[in-house]
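Trainee: Can you keep this structure in mind? I'll have questions shortly.
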Amino acid sequence: MVSKTHLRKCLIPYRDLLNTIDQLLDCIRRRYSAQIACHRGCDCGCRNLSIFPIEALSLADAVQDLPAGTAARIRKRAANASFWECPLLEDRACELYAFRPVICRTHGFALQTIYNQQVSIGHCRHNFKNMSSIPDDAVIDLDPINGALRAINASAVSEMGCVLQLQDRLSIAEALLLAAF
């Protein structure tokens, strides 16, 4: 077991990364407001995805701060969740929107990845509909974000060892069922 104070100290770099990502997304959202359909309450990409242990602990911590009834309702959905349903959704909205993982925050935006040494840009079919190509300043390179996330996760695993040596990745549902402290 780890104290809530120690956990929150370990979460600071992760939550700083989330703030940085949010600033980037807000900038793109402002610049391309007519082209970005994604918004709070849009659940077209919401699934019970896999996340890093540091993200799992952040969600577990956030659930701890919810009213008991809300936390119990979320945990019940988590216990029964399939891959196709995110247990955080209530009436198509994320109940932990401020604490959603990186993959949830960036979903739908124009994301650049490298697969088999090929650069690929993917985005939600509802975004950038009337554009022949996506402007460079609307594309998010996931490599530096994922690199930072991996480094923050590794540091937290080192710092909190026994709590975070759960597995490489967890589903959102598994994260919501954690009792980290």
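The chains in the structure tokens are called A, B, ... from first to last as shown; in each chain the residues are counted from 1, and the ligands are counted from 1 in the order shown.
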To test your reading of the structure, identify every residue in chain A that backbone DSSP assigns to alpha helix (DSSP H), and report it as an MDAnalysis selection string.

Mentor: chainID A and resid 4:31 53:64 68:79 102:106 142:164 172:176

Trainee: Between stretch 3-102 of chain A and stretch 122-127 of chain A, at 9 Å or less, what are the per-residue closest atom pairs and their distances in Å? Count only C-alpha atoms, order by chain and rising residue number, and return it as CSV.

Mentor:
residue,atom,partner,partner_atom,distance
A:Ala34,CA,A:Asn127,CA,8.9
A:Gln35,CA,A:Asn127,CA,5.5
A:Ile36,CA,A:Asn127,CA,4.9
A:Ala37,CA,A:Asn127,CA,5.5
A:Cys38,CA,A:Asn127,CA,7.3
A:Cys44,CA,A:Cys124,CA,8.6
A:Gly45,CA,A:Cys124,CA,8.1

Trainee: Would you put the residues from that selection into a file with C-alpha atoms, as a PDB file, in the first residue's frame?

Mentor:
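Wrote selection-v4.pdb, looks like this:
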ATOM      1  CA  ALA A  34     -15.061  24.319 -37.893  1.00  0.00           C
ATOM      2  CA  GLN A  35     -13.208  21.073 -38.653  1.00  0.00           C
ATOM      3  CA  ILE A  36     -13.145  19.462 -35.194  1.00  0.00           C
ATOM      4  CA  ALA A  37     -16.357  17.682 -34.283  1.00  0.00           C
ATOM      5  CA  CYS A  38     -14.940  16.049 -31.131  1.00  0.00           C
ATOM      6  CA  CYS A  44     -17.669   7.577 -30.890  1.00  0.00           C
ATOM      7  CA  GLY A  45     -14.182   6.357 -29.927  1.00  0.00           C
TER       8      GLY A  45
END

Trainee: Could you check which of A:Asp141, A:Ile172, A:Ser133, A:Glu159 is closest to A:Glu85, using only C-alpha atoms?

Mentor: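 Among the listed residues, the smallest separation from A:Glu85 belongs to A:Ile172.
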
Trainee: Counting only C-alpha atoms, which of A:Ile74, A:Ile51, A:Ile12, A:Ala154 gets nearest to A:Pro87?

Mentor: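 Looking only at the distances to A:Pro87, the closest residue turns out to be A:Ile74.
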
Trainee: Find the residue from A:His107, A:Asn48, A:Cys42, A:Cys94 that sits nearest to A:Ala79; use only C-alpha atoms when measuring.

Mentor: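 Nearest candidate to A:Ala79 out of A:His107, A:Asn48, A:Cys42, A:Cys94: A:Asn48.
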